[in-house]
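What follows is a single structure, written as structure tokens, with notes after it.
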Amino acid sequence: MYKTTDGEEIFVVDGHVALWDGSTANQKNRHGQEFIDCFYDYHRNLSPQEWLWPHDKFLRYDQETFIHDVFETGYVDVAIFQPVGLTDFYKEPFGNVAKNFALAEQYPGRLIGNGYFDPRDGEEGLERLEEWAKTYHLRGVKLYTAEWHGDSKGYRLSDAWAQRYLAKCLQVGIRNIHVHKGPTIKPLNMDAFDVSDIDDAASTFPDLNFIVEHVGLPRLEQFCWIATQEPNVYAGLAVANAFIHTRPRYFAQIISELLYWLNEDRIVFGSDYALWQPRWLIDQFMSFELPDDIRQETGVQLTREIKKKILGTNAARLYEIDVPSRLSQLRHDVISQKTRQAG
Amino acid sequence: MCVMYTQEARIKEIWHVLDHVYDPELDRSIHELNFVACLEVSDTDVAVTLRLPTYWCSPNFSFMMMKDLDDALMALPWVKSARITLIDHESQEKLNQGIARHQSFSQIFSESTGDLESVRRVFKEKAFYSRQKRVLDYLQTQGLNMSSWTPGTWQEVRQILQAPAPGQQLLERYEEMAQYWKVGCGDNDAVIVDISGRAISPELWGRHSHILRLVALNMESNAHICQGLLAVRYPRQDPGYSLPLVDSH
């Protein structure tokens, strides 16, 4: 819950959090080390200095740290786990669906644990997806299209097997497909980060929502053009959020383009914790104002009402969270009690 | 004719080459982006070591930079051998070996299909529009009111940008990309056109400028991320360099 200076309470959903294990003990090979180190470089590059973590803490942090940073000090009411398995790089999954679920059970109403799938796992993966959907009550999945899988270094949502998995999602009650594009090799005649496969998938599956993480960066323009045509395509703000500190003008430009090409109902906040912390992101976002020249050029506004949608109610709609009843549920939970005691 | 090269002249020529080999995604030179980790010139042999912002940077763009660099170096009359080495990258062995053997991308990565040139064209198109946008932005700083300006001819813009050096440079860069797309840059040709050379009509001007804005913003945001990542990955001691680093103890 974020409280404005004039006393208004704002419901916050963090659409992108993780409790990862990038520890040396869990790394399978050099790629595992390089993967978490690359995250750490993002963290060092875009965080305010006072929020920087030492490297070893960043590799693996405990549940208490997570609960503290996200809920107790981070203003977040509900957070959504977006795990990636990366089992070619790590012994135990980097993002662990079972562990996330266990933590969510401990804090009722606070955490939504998404799953993931990899279409290259074929029939076996389809069965696992179905089983996970039942066991963990999945409402969403996180996909990383550049994930390595044996000799393959990526897939596209337009692949035949990916389509079968998406059809399965629909069948088992998964509605939200969070897509993170990364550098794939195949096919070569496409740009590596190309997001046009999301266009195909979104028009083939109009009842699924496609939340494109990192607003399609490094292909923001392609993403915006797709999103103007497909009403079930959303912008996940993770990474773009973090510009608010190092390059506020880029942030202003990005958010105003999203408001211009999409609209205020299809933009979803995500801290990408532990890459960045929700506390400073939300503080800066709430006090952020679009510069006059950008407002004039694009004709868009970033009012408090719009900020409230981006920070909470848009994601609440995607995950069918009834905000007033969820708030009254959370008001008396252990986290709220602890926060009140801390004053 | 016999040209004598001093070592100094040779190194200068190599830097000139490095200023003209571009990262296709960011449309900036590998020199400007600080991707050159090491340069060795020994007689007629040149060795360049390249580094990138992440271990995961896309292999196809990495290949393009290495291939373009190799071609440009070998095009210098005095260069007998060029060795390009990419470091700290997940595909460095394949790429280094492949470039040394003058292999194509699909020979290096057997799972790849299709045509690398089509990827290149996608990015040359983005470069064309973002360079066009920079010219327009500069014109605006020179007092031109974009909302009432009808995009004119190259001659008109050349006249406005005659004196100030940055403007002229921006125009040259745009012209270079116009030539790639075989778009006319004669004095009487329209200056604001699409990649097929069609002038943007007044009714499409608004939409065109929105698209330019978005293309340029995407490229600049990426460049910002990439440069920041490179700077934390390879900290320098340059004056004014003050990115935060964390003590891990």
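To be explicit about the labels: the chains of the structure tokens are called A, B, and onward in the order shown, and within each one the residues are counted from 1, while ligands get numbers from 1 in the order they are shown.
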Per DSSP on the backbone, filter stretch 15-249 of chain B down to the residues in alpha helix (DSSP H) and report them as a VMD selection string.
chain B and resid 15 to 18 59 to 74 92 to 100 105 to 108 116 to 141 154 to 160 165 to 180 205 to 233
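Compared by their closest atoms to A:Val268, and using only C-alpha atoms, the residues A:Gly122, A:Pro108, A:Gly95, A:Gly312 rank with A:Gly312 nearest.
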Considering only C-alpha atoms, state which residue in the set A:Ile255, A:Cys224, A:Leu129, A:Val172 is at the smallest distance from A:Ala242.
A:Ile255
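From atom CA of A:Gly125 back to atom CA of A:Asp200, the distance works out to 22.0 Å.
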Please give the complete set of residues from stretch 171-267 of chain A that DSSP, run on the backbone, assigns to strand (DSSP E or B), formatted as a count of residues only.
14
Polymer residues at most 9 Å from A:Gln277, only C-alpha atoms, same-chain spacing of 6 or more positions, as a list in words:
Ser47, Trp51, Asp69, Val70, Gly74 and Ser271 of chain A
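Going from atom CA of A:Asn100 to atom CA of A:Asp272 covers 15.2 Å.
Closest approach to chain A among B:Arg121, B:Lys182, B:Arg131, B:Lys67 is made by B:Arg121 (distances from only C-alpha atoms).
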Within 10 Å of stretch 70-91 of chain B: each stretch 23-58 of chain A residue with its shortest pair, only C-alpha atoms, as JSON lines:
{"residue": "A:Arg30", "atom": "CA", "partner": "B:Glu90", "partner_atom": "CA", "distance": 9.0}
{"residue": "A:His31", "atom": "CA", "partner": "B:Glu90", "partner_atom": "CA", "distance": 7.5}
{"residue": "A:Glu34", "atom": "CA", "partner": "B:Glu90", "partner_atom": "CA", "distance": 8.7}
